[in-house]
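Trainee: Got a file for you: coords.csv, CSV, C-alpha atoms.
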chain,number,residue,atom,x,y,z
A,4,MET,CA,-2.8,36.3,10.3
A,5,THR,CA,0.0,35.6,7.8
A,6,THR,CA,0.2,32.9,5.3
A,7,GLN,CA,3.4,31.3,4.1
A,8,PRO,CA,3.9,30.3,0.5
A,9,ALA,CA,3.4,26.6,-0.3
A,10,LEU,CA,6.6,24.7,-0.5
A,11,ALA,CA,7.7,23.4,-3.9
A,12,PRO,CA,7.4,19.6,-4.2
A,13,THR,CA,11.2,19.2,-3.9
A,14,GLU,CA,11.3,21.4,-0.8
A,15,ALA,CA,8.5,19.5,0.9
A,16,GLY,CA,10.3,16.2,0.3
A,17,VAL,CA,7.6,14.9,-2.1
A,18,CYS,CA,9.0,12.2,-4.4
A,19,CYS,CA,6.8,13.3,-7.3
A,20,PRO,CA,4.3,16.1,-8.0
A,21,SER,CA,0.8,16.0,-6.8
A,22,LEU,CA,-1.9,15.1,-9.3
A,23,THR,CA,-3.0,18.7,-9.3
A,24,VAL,CA,0.5,20.3,-9.7
A,25,SER,CA,1.7,18.9,-13.0
A,26,PRO,CA,1.1,16.1,-15.5
A,27,LEU,CA,2.6,12.8,-14.7
A,28,SER,CA,5.5,11.3,-16.6
A,29,LEU,CA,4.8,8.0,-18.3
A,30,ASP,CA,6.9,6.1,-15.7
A,31,ASP,CA,5.0,7.7,-12.8
A,32,ALA,CA,1.7,7.0,-14.5
A,33,GLN,CA,2.5,3.4,-14.9
A,34,ASP,CA,3.8,3.1,-11.4
A,35,PHE,CA,0.7,4.7,-9.8
A,36,ALA,CA,-1.6,2.7,-12.0
A,37,ARG,CA,0.0,-0.6,-10.8
A,38,ILE,CA,-0.4,0.5,-7.2
A,39,LEU,CA,-3.9,1.7,-7.6
A,40,LYS,CA,-4.9,-1.4,-9.5
A,41,SER,CA,-3.6,-3.6,-6.7
A,42,VAL,CA,-5.9,-1.9,-4.1
A,43,ALA,CA,-8.9,-1.5,-6.5
A,44,ASP,CA,-10.4,-4.8,-5.2
A,45,PRO,CA,-12.6,-4.9,-2.2
A,46,THR,CA,-10.8,-7.9,-0.7
A,47,ARG,CA,-7.4,-6.5,-1.1
A,48,LEU,CA,-8.5,-3.1,0.3
A,49,ARG,CA,-9.9,-5.0,3.3
A,50,LEU,CA,-6.6,-6.9,3.7
A,51,VAL,CA,-4.7,-3.6,3.8
A,52,SER,CA,-7.1,-2.2,6.4
A,53,LEU,CA,-7.0,-5.4,8.5
A,54,ILE,CA,-3.2,-5.4,8.5
A,55,ALA,CA,-3.1,-1.6,9.3
A,56,ALA,CA,-5.5,-2.2,12.3
A,57,HIS,CA,-3.7,-5.4,13.5
A,58,GLU,CA,-1.3,-5.4,16.4
A,59,GLN,CA,2.1,-3.7,15.3
A,60,GLN,CA,0.5,-3.3,11.9
A,61,GLU,CA,1.5,-6.8,10.8
A,62,ALA,CA,-0.4,-10.0,10.3
A,63,CYS,CA,0.0,-13.6,9.2
A,64,VAL,CA,-2.2,-15.2,6.6
A,65,CYS,CA,-3.8,-17.2,9.4
A,66,ASP,CA,-5.0,-13.9,11.0
A,67,LEU,CA,-6.6,-12.7,7.8
A,68,THR,CA,-8.6,-15.7,6.4
A,69,ASP,CA,-11.5,-15.6,8.8
A,70,PRO,CA,-12.1,-11.8,8.7
A,71,VAL,CA,-12.4,-11.8,4.9
A,72,GLY,CA,-14.2,-15.2,4.7
A,73,LEU,CA,-11.9,-16.7,2.1
A,74,GLY,CA,-9.5,-19.7,2.1
A,75,GLN,CA,-5.8,-19.4,2.7
A,76,PRO,CA,-4.8,-19.9,-1.0
A,77,THR,CA,-7.1,-17.1,-2.1
A,78,VAL,CA,-5.9,-14.7,0.7
A,79,SER,CA,-2.3,-15.6,-0.2
A,80,HIS,CA,-3.0,-14.8,-3.8
A,81,HIS,CA,-4.4,-11.3,-2.9
A,82,LEU,CA,-1.5,-10.7,-0.6
A,83,LYS,CA,1.0,-11.6,-3.3
A,84,ILE,CA,-0.6,-9.0,-5.6
A,85,LEU,CA,-0.2,-6.4,-2.9
A,86,VAL,CA,3.4,-7.3,-2.2
A,87,ASP,CA,4.2,-7.3,-5.9
A,88,ALA,CA,2.7,-3.8,-6.2
A,89,GLY,CA,4.8,-2.6,-3.2
A,90,VAL,CA,1.8,-1.9,-0.9
A,91,LEU,CA,2.8,-4.6,1.5
A,92,ARG,CA,6.1,-6.1,2.7
A,93,ARG,CA,6.4,-9.9,3.4
A,94,GLU,CA,8.7,-11.3,6.0
A,95,LYS,CA,9.2,-15.1,6.3
A,96,ARG,CA,9.5,-16.5,9.8
A,97,GLY,CA,9.9,-20.2,9.8
A,98,VAL,CA,6.9,-21.6,7.9
A,99,TRP,CA,4.8,-18.5,8.3
A,100,SER,CA,4.8,-15.3,6.3
A,101,TYR,CA,4.0,-12.0,8.0
A,102,TYR,CA,2.7,-9.0,6.1
A,103,SER,CA,3.1,-5.4,7.0
A,104,LEU,CA,2.4,-2.0,5.4
A,105,GLU,CA,5.0,-0.5,3.1
A,106,ALA,CA,4.6,3.0,4.5
A,107,ALA,CA,6.8,4.7,1.9
A,108,VAL,CA,4.6,3.6,-1.0
A,109,LEU,CA,1.3,4.5,0.9
A,110,ASN,CA,2.7,7.9,1.8
A,111,ARG,CA,3.8,8.5,-1.8
A,112,LEU,CA,0.3,7.6,-3.0
A,113,SER,CA,-1.2,9.9,-0.4
A,114,GLU,CA,1.0,12.8,-1.4
A,115,PHE,CA,0.2,12.2,-5.1
A,116,LEU,CA,-3.6,12.2,-4.5
A,117,ALA,CA,-3.6,15.1,-2.1
A,118,PRO,CA,-4.7,18.4,-3.7
A,119,ASN,CA,-2.3,21.3,-3.3
Kindly transcribe the structure held in the file into structure tokens.
Mentor:
Amino acid sequence: MTTQPALAPTEAGVCCPSLTVSPLSLDDAQDFARILKSVADPTRLRLVSLIAAHEQQEACVCDLTDPVGLGQPTVSHHLKILVDAGVLRREKRGVWSYYSLEAAVLNRLSEFLAPN
């Protein structure tokens, strides 16, 4: 059995180094802190999970209020925080807003947290 050397972050297509590879720059630290802070709330984490599990990985606020047991204004507030952090994308369709995962941000976060 042969092993191949691990790819350098730039070769692997990683946008920034893993947490275990090198220290973060100030800009990266602030960016990751903003993203992590947005999902460091049980309701927001559930919303991300509900959207990920929903048909076509998108959902309207009306699909999310009952499962989390909160009113529409509160759910909309949490969704806004997730959109502002880049975790979710919002698309307006008529009077309704539909939310979907922002895969690039979640992949970036996953790559950053994965040990090398």
Trainee: Any idea what the distance is between atom CA of Lys83 of chain A and atom CA of Gly97 of chain A?
Mentor: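 Value for the atom CA of Lys83 of chain A-atom CA of Gly97 of chain A distance: 18.0 Å.
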Trainee: Out of A:Asp87, A:Asp69, A:Glu114, A:Glu58, which residue has the shortest atom-to-atom distance to Ile38 of chain A when counting all atoms listed in the file?
Mentor: A:Asp87
Trainee: Just give me the gap between atom CA of Ser25 of chain A and atom CA of Val42 of chain A in Å, one decimal is fine.
Mentor: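 Here the two named atoms are 23.9 Å from each other.
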Trainee: What is the distance, in Å and to one decimal place, between atom CA of Pro76 of chain A and atom CA of Leu112 of chain A?
Mentor: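 Atom CA of Leu112 of chain A lies 28.0 Å from atom CA of Pro76 of chain A.
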Trainee: Assuming 3 Å of padding per side, give the centre and edge lengths of the axis-aligned box around every listed atom of segment 100-108 of chain A, in Å to one decimal and as JSON.
Mentor:
{"center_x": 4.6, "center_y": -5.3, "center_z": 3.5, "size_x": 10.4, "size_y": 26.0, "size_z": 15.0}
Trainee: Between A:Val98, A:Leu29, A:Ala36, A:Cys63, which has the minimum distance to Gln75 of chain A (counting only C-alpha atoms)?
Mentor: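 Distance minimum relative to Gln75 of chain A lands on A:Cys63.
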Trainee: Excluding same-chain residues fewer than 6 positions from Pro45 of chain A, what lies within 12 Å of it counting all atoms listed in the file, as an NGL selection string?
Mentor: :A and (51-52 or 71 or 81)
